[in-house]
file query.csv (CSV, N, CA and C atoms)
chain,number,residue,atom,x,y,z
B,10,ASP,N,-11.1,-14.0,8.1
B,10,ASP,CA,-11.9,-13.0,7.5
B,10,ASP,C,-11.1,-11.7,7.6
B,11,LEU,N,-10.9,-11.0,6.4
B,11,LEU,CA,-10.2,-9.8,6.4
B,11,LEU,C,-11.0,-8.5,6.6
B,12,GLY,N,-12.3,-8.6,6.6
B,12,GLY,CA,-13.2,-7.5,6.8
B,12,GLY,C,-13.2,-6.4,5.7
B,13,ILE,N,-12.8,-6.9,4.5
B,13,ILE,CA,-12.7,-5.9,3.4
B,13,ILE,C,-14.1,-5.3,3.0
B,14,PRO,N,-15.2,-6.1,3.0
B,14,PRO,CA,-16.5,-5.5,2.7
B,14,PRO,C,-16.9,-4.4,3.7
B,15,LEU,N,-16.5,-4.6,5.0
B,15,LEU,CA,-16.8,-3.6,6.0
B,15,LEU,C,-16.0,-2.4,5.8
B,16,LEU,N,-14.7,-2.5,5.4
B,16,LEU,CA,-13.8,-1.4,5.1
B,16,LEU,C,-14.4,-0.6,3.9
B,17,VAL,N,-14.8,-1.3,2.9
B,17,VAL,CA,-15.4,-0.6,1.7
B,17,VAL,C,-16.7,0.1,2.1
B,18,GLU,N,-17.5,-0.6,2.8
B,18,GLU,CA,-18.8,0.0,3.3
B,18,GLU,C,-18.5,1.3,4.1
B,19,ARG,N,-17.6,1.2,5.0
B,19,ARG,CA,-17.3,2.3,5.9
B,19,ARG,C,-16.7,3.5,5.1
B,20,ALA,N,-15.8,3.2,4.3
B,20,ALA,CA,-15.1,4.3,3.5
B,20,ALA,C,-16.2,5.0,2.6
B,21,THR,N,-17.1,4.2,2.1
B,21,THR,CA,-18.1,4.8,1.2
B,21,THR,C,-19.1,5.6,2.0
B,22,SER,N,-19.5,5.1,3.2
B,22,SER,CA,-20.5,5.8,4.0
B,22,SER,C,-20.1,7.1,4.6
B,23,ILE,N,-18.8,7.2,4.8
B,23,ILE,CA,-18.2,8.5,5.4
B,23,ILE,C,-17.7,9.4,4.3
B,24,ASN,N,-17.9,9.0,3.0
B,24,ASN,CA,-17.4,9.8,1.9
B,24,ASN,C,-15.9,10.0,1.9
B,25,ALA,N,-15.2,9.0,2.3
B,25,ALA,CA,-13.7,9.1,2.4
B,25,ALA,C,-13.1,9.5,1.0
B,26,ARG,N,-12.2,10.3,1.0
B,26,ARG,CA,-11.5,10.7,-0.2
B,26,ARG,C,-10.3,9.9,-0.5
B,27,GLU,N,-9.7,9.3,0.6
B,27,GLU,CA,-8.5,8.5,0.5
B,27,GLU,C,-8.5,7.4,1.6
B,28,VAL,N,-8.0,6.3,1.2
B,28,VAL,CA,-7.7,5.2,2.2
B,28,VAL,C,-6.2,4.8,2.0
B,29,ILE,N,-5.5,4.9,3.2
B,29,ILE,CA,-4.1,4.5,3.2
B,29,ILE,C,-3.9,3.1,3.7
B,30,LEU,N,-3.3,2.2,2.8
B,30,LEU,CA,-3.2,0.8,3.2
B,30,LEU,C,-1.8,0.6,3.9
B,31,ALA,N,-1.8,-0.2,4.9
B,31,ALA,CA,-0.5,-0.5,5.6
B,31,ALA,C,-0.5,-2.0,5.8
B,32,LEU,N,-0.2,-2.7,4.8
B,32,LEU,CA,-0.1,-4.2,4.8
B,32,LEU,C,1.3,-4.7,4.7
B,33,ASP,N,1.5,-5.9,5.0
B,33,ASP,CA,2.8,-6.5,4.9
B,33,ASP,C,3.3,-6.5,3.4
B,34,SER,N,4.6,-6.4,3.3
B,34,SER,CA,5.2,-6.4,1.9
B,34,SER,C,5.5,-7.9,1.5
B,35,THR,N,4.4,-8.6,1.4
B,35,THR,CA,4.5,-10.0,1.0
B,35,THR,C,3.6,-10.2,-0.3
B,36,THR,N,3.7,-11.3,-0.9
B,36,THR,CA,2.8,-11.6,-2.0
B,36,THR,C,1.3,-11.5,-1.6
B,37,GLU,N,1.0,-12.0,-0.5
B,37,GLU,CA,-0.4,-12.0,0.0
B,37,GLU,C,-0.8,-10.5,0.3
B,38,GLY,N,0.1,-9.8,0.9
B,38,GLY,CA,-0.2,-8.4,1.2
B,38,GLY,C,-0.4,-7.5,0.0
B,39,GLU,N,0.5,-7.8,-1.0
B,39,GLU,CA,0.3,-7.0,-2.3
B,39,GLU,C,-1.0,-7.4,-3.0
B,40,ALA,N,-1.3,-8.7,-3.0
B,40,ALA,CA,-2.6,-9.1,-3.6
B,40,ALA,C,-3.8,-8.5,-2.9
B,41,THR,N,-3.7,-8.5,-1.6
B,41,THR,CA,-4.8,-7.8,-0.8
B,41,THR,C,-4.9,-6.4,-1.1
B,42,CYS,N,-3.8,-5.7,-1.2
B,42,CYS,CA,-3.8,-4.2,-1.5
B,42,CYS,C,-4.4,-4.0,-2.9
B,43,ALA,N,-4.1,-4.9,-3.9
B,43,ALA,CA,-4.6,-4.7,-5.2
B,43,ALA,C,-6.1,-4.9,-5.2
B,44,TYR,N,-6.6,-5.9,-4.5
B,44,TYR,CA,-8.0,-6.2,-4.4
B,44,TYR,C,-8.8,-5.0,-3.8
B,45,ILE,N,-8.2,-4.5,-2.6
B,45,ILE,CA,-8.9,-3.4,-1.9
B,45,ILE,C,-8.9,-2.2,-2.8
B,46,ALA,N,-7.8,-1.9,-3.5
B,46,ALA,CA,-7.7,-0.7,-4.4
B,46,ALA,C,-8.7,-0.8,-5.5
B,47,ASN,N,-8.9,-2.0,-6.0
B,47,ASN,CA,-9.9,-2.2,-7.1
B,47,ASN,C,-11.3,-1.9,-6.6
B,48,GLN,N,-11.6,-2.4,-5.4
B,48,GLN,CA,-12.9,-2.2,-4.8
B,48,GLN,C,-13.2,-0.7,-4.5
B,49,LEU,N,-12.2,0.0,-4.0
B,49,LEU,CA,-12.4,1.4,-3.6
B,49,LEU,C,-12.3,2.4,-4.7
B,50,GLU,N,-11.3,2.1,-5.6
B,50,GLU,CA,-11.2,3.1,-6.8
B,50,GLU,C,-12.4,3.0,-7.7
B,51,SER,N,-13.1,1.9,-7.7
B,51,SER,CA,-14.4,1.9,-8.5
B,51,SER,C,-15.4,2.8,-7.9
B,52,ARG,N,-15.2,3.2,-6.6
B,52,ARG,CA,-16.1,4.1,-5.9
B,52,ARG,C,-15.5,5.5,-5.8
B,53,ASN,N,-14.5,5.8,-6.6
B,53,ASN,CA,-13.8,7.1,-6.7
B,53,ASN,C,-13.2,7.4,-5.3
B,54,ILE,N,-12.6,6.4,-4.7
B,54,ILE,CA,-11.8,6.7,-3.4
B,54,ILE,C,-10.4,6.4,-3.8
B,55,LYS,N,-9.5,7.4,-3.5
B,55,LYS,CA,-8.1,7.3,-3.8
B,55,LYS,C,-7.5,6.3,-2.8
B,56,VAL,N,-6.7,5.4,-3.3
B,56,VAL,CA,-6.0,4.4,-2.5
B,56,VAL,C,-4.5,4.5,-2.6
B,57,THR,N,-3.8,4.7,-1.4
B,57,THR,CA,-2.4,4.8,-1.4
B,57,THR,C,-1.9,3.8,-0.4
B,58,GLN,N,-0.6,3.5,-0.4
B,58,GLN,CA,0.0,2.7,0.7
B,58,GLN,C,1.2,3.3,1.2
B,59,LEU,N,1.6,2.8,2.4
B,59,LEU,CA,2.8,3.4,3.0
B,59,LEU,C,4.0,3.1,2.1
B,60,ALA,N,5.0,4.1,2.2
B,60,ALA,CA,6.2,3.9,1.4
B,60,ALA,C,7.0,2.7,1.9
B,61,ARG,N,7.7,2.1,1.0
B,61,ARG,CA,8.5,0.9,1.4
B,61,ARG,C,9.9,1.1,0.8
B,62,GLY,N,10.8,0.4,1.4
B,62,GLY,CA,12.2,0.4,0.8
B,62,GLY,C,13.2,0.3,2.0
B,63,LEU,N,14.3,1.0,1.8
B,63,LEU,CA,15.4,0.9,2.8
B,63,LEU,C,15.1,1.7,4.0
B,64,PRO,N,15.2,1.1,5.2
B,64,PRO,CA,15.0,1.8,6.4
B,64,PRO,C,16.3,2.6,6.7
B,65,PRO,N,16.2,3.7,7.6
B,65,PRO,CA,17.4,4.4,8.0
B,65,PRO,C,18.4,3.5,8.6
B,66,GLY,N,19.7,3.7,8.2
B,66,GLY,CA,20.8,3.0,8.7
B,66,GLY,C,21.0,1.7,8.0
B,67,ALA,N,20.2,1.3,7.0
B,67,ALA,CA,20.4,0.1,6.2
B,67,ALA,C,21.6,0.2,5.3
B,68,LEU,N,22.3,-0.9,5.1
B,68,LEU,CA,23.4,-0.9,4.1
B,68,LEU,C,22.8,-1.4,2.8
B,69,VAL,N,23.0,-0.7,1.7
B,69,VAL,CA,22.5,-1.0,0.4
B,69,VAL,C,23.0,-2.4,-0.1
B,70,GLU,N,24.3,-2.6,0.2
B,70,GLU,CA,24.9,-3.9,-0.3
B,70,GLU,C,24.2,-5.1,0.3
B,71,PHE,N,23.5,-5.0,1.4
B,71,PHE,CA,22.8,-6.2,1.9
B,71,PHE,C,21.3,-6.2,1.6
B,72,ALA,N,20.8,-5.3,0.8
B,72,ALA,CA,19.4,-5.2,0.5
B,72,ALA,C,19.0,-6.2,-0.6
B,73,ASP,N,17.9,-6.8,-0.5
B,73,ASP,CA,17.4,-7.7,-1.6
B,73,ASP,C,16.8,-6.9,-2.7
B,74,SER,N,16.6,-7.6,-3.8
B,74,SER,CA,16.2,-6.9,-5.1
B,74,SER,C,14.8,-6.3,-4.9
B,75,LEU,N,13.9,-7.0,-4.2
B,75,LEU,CA,12.5,-6.4,-4.0
B,75,LEU,C,12.6,-5.1,-3.2
B,76,THR,N,13.4,-5.1,-2.1
B,76,THR,CA,13.5,-3.9,-1.3
B,76,THR,C,14.1,-2.7,-2.1
B,77,LEU,N,15.1,-3.0,-2.9
B,77,LEU,CA,15.7,-2.0,-3.8
B,77,LEU,C,14.7,-1.5,-4.8
B,78,SER,N,13.9,-2.4,-5.4
B,78,SER,CA,12.9,-2.0,-6.3
B,78,SER,C,11.9,-1.1,-5.7
B,79,GLN,N,11.4,-1.4,-4.5
B,79,GLN,CA,10.4,-0.6,-3.8
B,79,GLN,C,11.0,0.8,-3.4
B,80,ALA,N,12.3,0.8,-3.0
B,80,ALA,CA,13.0,2.0,-2.7
B,80,ALA,C,13.1,2.9,-3.9
B,81,LEU,N,13.4,2.4,-5.1
B,81,LEU,CA,13.4,3.1,-6.3
B,81,LEU,C,12.1,3.7,-6.7
B,82,LYS,N,11.0,2.9,-6.6
B,82,LYS,CA,9.7,3.4,-6.9
B,82,LYS,C,9.3,4.5,-6.0
B,83,GLY,N,9.7,4.5,-4.8
B,83,GLY,CA,9.3,5.5,-3.8
B,83,GLY,C,10.3,6.7,-3.7
B,84,ARG,N,11.2,6.8,-4.6
B,84,ARG,CA,12.2,7.8,-4.5
B,84,ARG,C,11.6,9.2,-4.6
B,85,ARG,N,12.3,10.2,-4.0
B,85,ARG,CA,11.8,11.6,-4.1
B,85,ARG,C,13.0,12.5,-4.2
B,86,GLY,N,12.8,13.7,-4.5
B,86,GLY,CA,13.8,14.7,-4.6
B,86,GLY,C,14.6,14.9,-3.3
B,87,TYR,N,15.8,15.3,-3.4
B,87,TYR,CA,16.7,15.5,-2.2
B,87,TYR,C,16.7,17.0,-1.9
call {"tool": "encode", "arguments": {"input": "query.csv", "output": "structure tokens"}}
result
Amino acid sequence: DLGIPLLVERATSINAREVILALDSTTEGEATCAYIANQLESRNIKVTQLARGLPPGALVEFADSLTLSQALKGRRGY
């Protein structure tokens, strides 16, 4: 049991403006994030998730395509 109904109920009852998701970067984690986002955004609660991508000290040449894709999506100005 993931406790999603309880999360939705609590976020709604405290009039949360944003919920930050911190789930694993797996197919299951992404599916869970999408489901939670759908439940909360229909209640006008902003849903964000932690940035993902290359950790400090990582060598780009050894990064997999998913990690590089996530790093590109989360890029920011220097």
call {"tool": "closest_residue", "arguments": {"input": "query.csv", "among": "B:Leu49, B:Ile54, B:Leu59, B:Leu11", "to": "Ile29 in chain B", "atoms": "only N, CA and C atoms"}}
result
B:Leu59
call {"tool": "closest_residue", "arguments": {"input": "query.csv", "among": "B:Lys55, B:Arg61, B:Arg19, B:Arg26", "to": "Leu77 in chain B", "atoms": "all atoms listed in the file"}}
result
B:Arg61
call {"tool": "select_by_dssp", "arguments": {"input": "query.csv", "residues": "chain B", "states": "alpha helix (DSSP H)", "output": "ChimeraX atom specification"}}
result
/B:13-22,36-50,74-82
call {"tool": "atom_distance", "arguments": {"input": "query.csv", "atom1": "atom N of Glu27 in chain B", "atom2": "atom C of Val56 in chain B"}}
result
7.8 Å
call {"tool": "closest_residue", "arguments": {"input": "query.csv", "among": "B:Ser74, B:Val17, B:Ala25, B:Gly66", "to": "Gln48 in chain B", "atoms": "all atoms listed in the file"}}
result
B:Val17
call {"tool": "closest_residue", "arguments": {"input": "query.csv", "among": "B:Val28, B:Ala80, B:Phe71, B:Ser22", "to": "Glu50 in chain B", "atoms": "only C-alpha atoms"}}
result
B:Val28
call {"tool": "residues_around", "arguments": {"input": "query.csv", "residues": "range 33-40 of chain B", "least_positions_apart": "6", "cutoff": "12 Å", "atoms": "only C-alpha atoms", "output": "compact mmCIF listing (two decimals) with N, CA and C atoms, in the coordinates of the input"}}
result
# COMPACT_ATOMS: atom_id res chain seq x y z
N LEU B 11 -10.90 -11.00 6.40
CA LEU B 11 -10.20 -9.80 6.40
C LEU B 11 -11.00 -8.50 6.60
N ALA B 46 -7.80 -1.90 -3.50
CA ALA B 46 -7.70 -0.70 -4.40
C ALA B 46 -8.70 -0.80 -5.50
N ASN B 47 -8.90 -2.00 -6.00
CA ASN B 47 -9.90 -2.20 -7.10
C ASN B 47 -11.30 -1.90 -6.60
N GLN B 58 -0.60 3.50 -0.40
CA GLN B 58 0.00 2.70 0.70
C GLN B 58 1.20 3.30 1.20
N LEU B 59 1.60 2.80 2.40
CA LEU B 59 2.80 3.40 3.00
C LEU B 59 4.00 3.10 2.10
N ALA B 60 5.00 4.10 2.20
CA ALA B 60 6.20 3.90 1.40
C ALA B 60 7.00 2.70 1.90
N ARG B 61 7.70 2.10 1.00
CA ARG B 61 8.50 0.90 1.40
C ARG B 61 9.90 1.10 0.80
N GLY B 62 10.80 0.40 1.40
CA GLY B 62 12.20 0.40 0.80
C GLY B 62 13.20 0.30 2.00
N LEU B 75 13.90 -7.00 -4.20
CA LEU B 75 12.50 -6.40 -4.00
C LEU B 75 12.60 -5.10 -3.20
N THR B 76 13.40 -5.10 -2.10
CA THR B 76 13.50 -3.90 -1.30
C THR B 76 14.10 -2.70 -2.10
N GLN B 79 11.40 -1.40 -4.50
CA GLN B 79 10.40 -0.60 -3.80
C GLN B 79 11.00 0.80 -3.40
call {"tool": "select_by_dssp", "arguments": {"input": "query.csv", "residues": "chain B", "states": "strand (DSSP E or B)", "output": "list in words"}}
result
Glu27, Val28, Ile29, Leu30, Lys55, Val56, Thr57 and Gln58 of chain B
call {"tool": "write_last_selection", "arguments": {"input": "query.csv", "atoms": "N, CA and C atoms", "output": "PDB file, keeping the file's coordinate frame"}}
result
ATOM      1  N   GLU B  27      -9.700   9.300   0.600  1.00  0.00           N
ATOM      2  CA  GLU B  27      -8.500   8.500   0.500  1.00  0.00           C
ATOM      3  C   GLU B  27      -8.500   7.400   1.600  1.00  0.00           C
ATOM      4  N   VAL B  28      -8.000   6.300   1.200  1.00  0.00           N
ATOM      5  CA  VAL B  28      -7.700   5.200   2.200  1.00  0.00           C
ATOM      6  C   VAL B  28      -6.200   4.800   2.000  1.00  0.00           C
ATOM      7  N   ILE B  29      -5.500   4.900   3.200  1.00  0.00           N
ATOM      8  CA  ILE B  29      -4.100   4.500   3.200  1.00  0.00           C
ATOM      9  C   ILE B  29      -3.900   3.100   3.700  1.00  0.00           C
ATOM     10  N   LEU B  30      -3.300   2.200   2.800  1.00  0.00           N
ATOM     11  CA  LEU B  30      -3.200   0.800   3.200  1.00  0.00           C
ATOM     12  C   LEU B  30      -1.800   0.600   3.900  1.00  0.00           C
ATOM     13  N   LYS B  55      -9.500   7.400  -3.500  1.00  0.00           N
ATOM     14  CA  LYS B  55      -8.100   7.300  -3.800  1.00  0.00           C
ATOM     15  C   LYS B  55      -7.500   6.300  -2.800  1.00  0.00           C
ATOM     16  N   VAL B  56      -6.700   5.400  -3.300  1.00  0.00           N
ATOM     17  CA  VAL B  56      -6.000   4.400  -2.500  1.00  0.00           C
ATOM     18  C   VAL B  56      -4.500   4.500  -2.600  1.00  0.00           C
ATOM     19  N   THR B  57      -3.800   4.700  -1.400  1.00  0.00           N
ATOM     20  CA  THR B  57      -2.400   4.800  -1.400  1.00  0.00           C
ATOM     21  C   THR B  57      -1.900   3.800  -0.400  1.00  0.00           C
ATOM     22  N   GLN B  58      -0.600   3.500  -0.400  1.00  0.00           N
ATOM     23  CA  GLN B  58       0.000   2.700   0.700  1.00  0.00           C
ATOM     24  C   GLN B  58       1.200   3.300   1.200  1.00  0.00           C
TER      25      GLN B  58
END
call {"tool": "closest_residue", "arguments": {"input": "query.csv", "among": "B:Ala72, B:Gly86, B:Leu30, B:Asn24", "to": "Thr57 in chain B", "atoms": "only C-alpha atoms"}}
result
B:Leu30
call {"tool": "atom_distance", "arguments": {"input": "query.csv", "atom1": "atom N of Ile13 in chain B", "atom2": "CA of Ile45 in chain B"}}
result
8.3 Å
call {"tool": "atom_distance", "arguments": {"input": "query.csv", "atom1": "CA of Ala43 in chain B", "atom2": "CA of Ser78 in chain B"}}
result
17.7 Å
call {"tool": "axis_aligned_box", "arguments": {"input": "query.csv", "around": "range 18-33 of chain B", "padding_each_side": "3 Å", "output": "JSON"}}
result
{"center_x": -8.6, "center_y": 2.1, "center_z": 2.7, "size_x": 29.8, "size_y": 23.2, "size_z": 12.4}
call {"tool": "decode", "arguments": {"input": "query.csv", "residues": "range 27-65 of chain B", "atoms": "N, CA and C atoms", "output": "compact mmCIF listing (two decimals), in the first residue's frame"}}
result
# COMPACT_ATOMS: atom_id res chain seq x y z
N GLU B 27 1.93 23.14 -2.95
CA GLU B 27 2.87 22.33 -3.73
C GLU B 27 3.21 21.05 -2.97
N VAL B 28 3.37 19.98 -3.71
CA VAL B 28 3.88 18.72 -3.17
C VAL B 28 5.10 18.36 -4.00
N ILE B 29 6.21 18.11 -3.32
CA ILE B 29 7.46 17.74 -3.99
C ILE B 29 7.63 16.23 -3.87
N LEU B 30 7.70 15.56 -5.00
CA LEU B 30 7.85 14.11 -5.01
C LEU B 30 9.32 13.71 -5.06
N ALA B 31 9.68 12.70 -4.30
CA ALA B 31 11.04 12.18 -4.28
C ALA B 31 10.96 10.66 -4.36
N LEU B 32 10.71 10.17 -5.56
CA LEU B 32 10.60 8.73 -5.79
C LEU B 32 11.76 8.24 -6.63
N ASP B 33 11.94 6.93 -6.64
CA ASP B 33 13.02 6.34 -7.43
C ASP B 33 12.85 6.65 -8.91
N SER B 34 13.97 6.72 -9.60
CA SER B 34 13.97 6.98 -11.04
C SER B 34 13.86 5.65 -11.78
N THR B 35 12.74 4.98 -11.59
CA THR B 35 12.45 3.71 -12.25
C THR B 35 11.13 3.85 -12.98
N THR B 36 10.79 2.85 -13.78
CA THR B 36 9.50 2.88 -14.47
C THR B 36 8.36 2.96 -13.46
N GLU B 37 8.46 2.19 -12.38
CA GLU B 37 7.43 2.20 -11.35
C GLU B 37 7.36 3.55 -10.65
N GLY B 38 8.53 4.12 -10.36
CA GLY B 38 8.57 5.43 -9.71
C GLY B 38 7.97 6.52 -10.58
N GLU B 39 8.29 6.48 -11.86
CA GLU B 39 7.74 7.48 -12.79
C GLU B 39 6.23 7.32 -12.93
N ALA B 40 5.75 6.07 -12.99
CA ALA B 40 4.31 5.83 -13.09
C ALA B 40 3.59 6.32 -11.83
N THR B 41 4.20 6.09 -10.69
CA THR B 41 3.62 6.55 -9.43
C THR B 41 3.58 8.07 -9.38
N CYS B 42 4.66 8.72 -9.82
CA CYS B 42 4.69 10.19 -9.87
C CYS B 42 3.57 10.72 -10.76
N ALA B 43 3.40 10.11 -11.93
CA ALA B 43 2.36 10.56 -12.86
C ALA B 43 0.98 10.40 -12.24
N TYR B 44 0.75 9.30 -11.56
CA TYR B 44 -0.55 9.07 -10.93
C TYR B 44 -0.81 10.09 -9.82
N ILE B 45 0.18 10.29 -8.96
CA ILE B 45 0.03 11.26 -7.87
C ILE B 45 -0.18 12.66 -8.43
N ALA B 46 0.58 13.02 -9.45
CA ALA B 46 0.44 14.35 -10.06
C ALA B 46 -0.97 14.53 -10.60
N ASN B 47 -1.51 13.52 -11.24
CA ASN B 47 -2.87 13.60 -11.77
C ASN B 47 -3.88 13.82 -10.65
N GLN B 48 -3.71 13.10 -9.55
CA GLN B 48 -4.63 13.23 -8.41
C GLN B 48 -4.56 14.62 -7.77
N LEU B 49 -3.36 15.16 -7.63
CA LEU B 49 -3.19 16.44 -6.94
C LEU B 49 -3.46 17.64 -7.85
N GLU B 50 -3.03 17.56 -9.09
CA GLU B 50 -3.24 18.70 -9.99
C GLU B 50 -4.72 18.93 -10.26
N SER B 51 -5.53 17.88 -10.20
CA SER B 51 -6.97 18.06 -10.37
C SER B 51 -7.57 18.81 -9.19
N ARG B 52 -6.79 18.95 -8.12
CA ARG B 52 -7.21 19.72 -6.94
C ARG B 52 -6.44 21.04 -6.84
N ASN B 53 -5.85 21.45 -7.95
CA ASN B 53 -5.09 22.70 -8.05
C ASN B 53 -3.90 22.75 -7.09
N ILE B 54 -3.24 21.61 -6.91
CA ILE B 54 -2.01 21.55 -6.11
C ILE B 54 -0.86 21.31 -7.08
N LYS B 55 0.13 22.18 -7.03
CA LYS B 55 1.29 22.06 -7.91
C LYS B 55 2.11 20.84 -7.48
N VAL B 56 2.56 20.07 -8.45
CA VAL B 56 3.37 18.88 -8.17
C VAL B 56 4.71 19.02 -8.88
N THR B 57 5.79 18.89 -8.12
CA THR B 57 7.13 18.91 -8.69
C THR B 57 7.88 17.68 -8.18
N GLN B 58 9.03 17.43 -8.79
CA GLN B 58 9.85 16.33 -8.29
C GLN B 58 11.29 16.78 -8.22
N LEU B 59 12.07 16.06 -7.43
CA LEU B 59 13.48 16.40 -7.28
C LEU B 59 14.18 16.33 -8.63
N ALA B 60 15.18 17.18 -8.81
CA ALA B 60 15.96 17.15 -10.05
C ALA B 60 16.70 15.83 -10.15
N ARG B 61 16.92 15.41 -11.38
CA ARG B 61 17.63 14.16 -11.63
C ARG B 61 18.67 14.40 -12.69
N GLY B 62 19.64 13.56 -12.73
CA GLY B 62 20.66 13.68 -13.76
C GLY B 62 22.02 13.28 -13.24
N LEU B 63 23.03 13.96 -13.70
CA LEU B 63 24.40 13.61 -13.35
C LEU B 63 24.77 14.13 -11.97
N PRO B 64 25.28 13.26 -11.11
CA PRO B 64 25.73 13.72 -9.80
C PRO B 64 27.08 14.41 -9.91
N PRO B 65 27.45 15.22 -8.94
CA PRO B 65 28.78 15.86 -8.97
C PRO B 65 29.88 14.80 -9.06
